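Below is one structure, written out as structure tokens; comments come after it.
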Amino acid sequence: MKQILIGSGFLLLCAVISLILLELSGHQIRKEELRSALNRAMKQTMHSYVEESDRDGYGEEEFKQDFLDHFLVQLTSDGDVSVCFYTADAQNGFLDVEVCGEYKSVTGKKRMIRVRKTMICE
């Protein structure tokens, strides 16, 4: 009987440790996905800006839309993502964006990740 209690306690401890590790690794994976998607989208947007800035009519809305198009292609995981443009200056090639991702963790809690990046095209 004593061995059964020790064995079940050990199994419970292993399950809790596994759950904690899954929670932490899931959060890091989601954060890295948002960070890398934001970096790639910013670089691609600035590349598009350099190519299209000579064209008339390329303003802030086109600048923002280019970023959103590039960003949404990069995401693979499910979850709610919101994008906040702090500054989108198409004339000077300045873009300041914050991305917030909300997802459900392994334990069922809602978690949020925020990543902000600023880029200036030279």
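In the structure tokens, the first chain shown is A, the next is B, and so on; residue numbers restart at 1 for each chain, and ligands run from 1 in the order shown.
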Compile the contact shell of A:Lys31 as number ranges by chain: residues with an atom at most 12 Å away, counting only C-alpha atoms, same-chain residues fewer than 3 positions apart removed.
-> A: 24-28, 34-38, 75, 77, 81, 99-103, 111-116
Export of the given selection (N, CA and C atoms) as a PDB file, in the first residue's frame:
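Output file out.pdb is given in full below:
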ATOM      1  N   LEU A  24       5.490  26.756 -20.218  1.00  0.00           N
ATOM      2  CA  LEU A  24       6.607  27.670 -20.471  1.00  0.00           C
ATOM      3  C   LEU A  24       7.115  27.588 -21.898  1.00  0.00           C
ATOM      4  N   SER A  25       7.247  26.399 -22.416  1.00  0.00           N
ATOM      5  CA  SER A  25       7.751  26.263 -23.781  1.00  0.00           C
ATOM      6  C   SER A  25       6.728  26.781 -24.795  1.00  0.00           C
ATOM      7  N   GLY A  26       5.441  26.570 -24.539  1.00  0.00           N
ATOM      8  CA  GLY A  26       4.402  27.089 -25.431  1.00  0.00           C
ATOM      9  C   GLY A  26       4.422  28.606 -25.486  1.00  0.00           C
ATOM     10  N   HIS A  27       4.613  29.234 -24.343  1.00  0.00           N
ATOM     11  CA  HIS A  27       4.671  30.696 -24.290  1.00  0.00           C
ATOM     12  C   HIS A  27       5.891  31.206 -25.077  1.00  0.00           C
ATOM     13  N   GLN A  28       7.032  30.562 -24.883  1.00  0.00           N
ATOM     14  CA  GLN A  28       8.248  30.985 -25.592  1.00  0.00           C
ATOM     15  C   GLN A  28       8.113  30.784 -27.090  1.00  0.00           C
ATOM     16  N   LEU A  34       5.750  35.412 -32.913  1.00  0.00           N
ATOM     17  CA  LEU A  34       5.322  36.797 -33.116  1.00  0.00           C
ATOM     18  C   LEU A  34       6.508  37.707 -33.400  1.00  0.00           C
ATOM     19  N   ARG A  35       7.591  37.517 -32.654  1.00  0.00           N
ATOM     20  CA  ARG A  35       8.774  38.351 -32.840  1.00  0.00           C
ATOM     21  C   ARG A  35       9.376  38.159 -34.238  1.00  0.00           C
ATOM     22  N   SER A  36       9.512  36.925 -34.680  1.00  0.00           N
ATOM     23  CA  SER A  36      10.109  36.688 -35.996  1.00  0.00           C
ATOM     24  C   SER A  36       9.178  37.130 -37.117  1.00  0.00           C
ATOM     25  N   ALA A  37       7.866  36.931 -36.947  1.00  0.00           N
ATOM     26  CA  ALA A  37       6.912  37.390 -37.957  1.00  0.00           C
ATOM     27  C   ALA A  37       6.943  38.911 -38.062  1.00  0.00           C
ATOM     28  N   LEU A  38       7.044  39.589 -36.929  1.00  0.00           N
ATOM     29  CA  LEU A  38       7.123  41.046 -36.926  1.00  0.00           C
ATOM     30  C   LEU A  38       8.405  41.526 -37.598  1.00  0.00           C
ATOM     31  N   LEU A  75       2.245  34.351 -40.011  1.00  0.00           N
ATOM     32  CA  LEU A  75       1.684  33.659 -38.844  1.00  0.00           C
ATOM     33  C   LEU A  75       1.187  32.264 -39.196  1.00  0.00           C
ATOM     34  N   SER A  77       0.308  29.935 -36.181  1.00  0.00           N
ATOM     35  CA  SER A  77      -0.463  29.415 -35.050  1.00  0.00           C
ATOM     36  C   SER A  77      -1.816  30.113 -34.963  1.00  0.00           C
ATOM     37  N   VAL A  81      -4.875  38.000 -32.869  1.00  0.00           N
ATOM     38  CA  VAL A  81      -3.749  38.918 -33.020  1.00  0.00           C
ATOM     39  C   VAL A  81      -4.303  40.304 -33.322  1.00  0.00           C
ATOM     40  N   VAL A  99       2.449  44.430 -31.764  1.00  0.00           N
ATOM     41  CA  VAL A  99       1.587  43.295 -32.066  1.00  0.00           C
ATOM     42  C   VAL A  99       1.249  42.604 -30.757  1.00  0.00           C
ATOM     43  N   CYS A 100      -0.029  42.365 -30.538  1.00  0.00           N
ATOM     44  CA  CYS A 100      -0.490  41.669 -29.335  1.00  0.00           C
ATOM     45  C   CYS A 100      -1.150  40.361 -29.760  1.00  0.00           C
ATOM     46  N   GLY A 101      -0.662  39.278 -29.213  1.00  0.00           N
ATOM     47  CA  GLY A 101      -1.241  37.973 -29.500  1.00  0.00           C
ATOM     48  C   GLY A 101      -1.870  37.396 -28.254  1.00  0.00           C
ATOM     49  N   GLU A 102      -3.090  36.909 -28.383  1.00  0.00           N
ATOM     50  CA  GLU A 102      -3.782  36.295 -27.254  1.00  0.00           C
ATOM     51  C   GLU A 102      -4.103  34.850 -27.631  1.00  0.00           C
ATOM     52  N   TYR A 103      -3.806  33.933 -26.731  1.00  0.00           N
ATOM     53  CA  TYR A 103      -4.030  32.515 -26.995  1.00  0.00           C
ATOM     54  C   TYR A 103      -4.394  31.810 -25.700  1.00  0.00           C
ATOM     55  N   ARG A 111      -3.618  33.820 -22.312  1.00  0.00           N
ATOM     56  CA  ARG A 111      -2.319  34.474 -22.135  1.00  0.00           C
ATOM     57  C   ARG A 111      -2.150  35.502 -23.235  1.00  0.00           C
ATOM     58  N   MET A 112      -1.387  36.554 -22.949  1.00  0.00           N
ATOM     59  CA  MET A 112      -1.158  37.604 -23.933  1.00  0.00           C
ATOM     60  C   MET A 112       0.333  37.856 -24.086  1.00  0.00           C
ATOM     61  N   ILE A 113       0.720  38.092 -25.329  1.00  0.00           N
ATOM     62  CA  ILE A 113       2.108  38.408 -25.651  1.00  0.00           C
ATOM     63  C   ILE A 113       2.104  39.718 -26.426  1.00  0.00           C
ATOM     64  N   ARG A 114       3.003  40.618 -26.048  1.00  0.00           N
ATOM     65  CA  ARG A 114       3.146  41.895 -26.743  1.00  0.00           C
ATOM     66  C   ARG A 114       4.565  42.026 -27.269  1.00  0.00           C
ATOM     67  N   VAL A 115       4.657  42.414 -28.541  1.00  0.00           N
ATOM     68  CA  VAL A 115       5.961  42.625 -29.168  1.00  0.00           C
ATOM     69  C   VAL A 115       5.871  43.953 -29.913  1.00  0.00           C
ATOM     70  N   ARG A 116       6.865  44.822 -29.689  1.00  0.00           N
ATOM     71  CA  ARG A 116       6.877  46.133 -30.345  1.00  0.00           C
ATOM     72  C   ARG A 116       8.203  46.311 -31.067  1.00  0.00           C
TER      73      ARG A 116
END
Residue contacts of stretch 63-74 of chain A (9 Å, only C-alpha atoms) excluding same-chain residues fewer than 6 positions away, as a list in words = Glu33, Leu34, Ser36, Ala37, Leu38, Asn39, Arg40, Ala41, Met42, Gln44, Thr45, Met46, Ser48, Tyr49, Val83, Phe85, Ala88, Asp89, Ala90, Gly93 and Leu95 of chain A
Between atom CA of A:Glu122 and atom CA of A:Val50, what is the spacing in Å?
-> 9.2 Å
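Here atom CA of A:Tyr86 is placed at a distance of 22.6 Å from atom CA of A:Arg30.
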Do you have the atom CA of A:Met119-atom CA of A:Lys43 distance handy?
->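 These atoms are spaced 8.4 Å apart.
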Hey, what's within 10 Å of stretch 10-21 of chain A if we count only C-alpha atoms and toss same-chain stuff fewer than 6 positions away? As a ChimeraX atom specification, please?
-> /A:4,27,106-107
Close residues, A:Thr118 itself excluded, 8 Å, only C-alpha atoms, min 3 positions apart in chain, as a VMD selection string | chain A and resid 94 to 97
Store the residues picked out above, limited to C-alpha atoms, as a short mmCIF file (atom, residue, chain, number, x, y, z; two decimals), in the first residue's frame.
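That gives us selection21.cif:
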data_model
loop_
_atom_site.label_atom_id
_atom_site.label_comp_id
_atom_site.auth_asym_id
_atom_site.auth_seq_id
_atom_site.Cartn_x
_atom_site.Cartn_y
_atom_site.Cartn_z
CA PHE A 94 9.28 55.32 -40.34
CA LEU A 95 7.19 52.48 -38.92
CA ASP A 96 6.46 51.79 -35.24
CA VAL A 97 4.20 48.79 -34.61
#
Where does DSSP see alpha helix (DSSP H) in chain A, if you list the residues as a PyMOL selection string?
-> chain A and resi 2-52+60-74
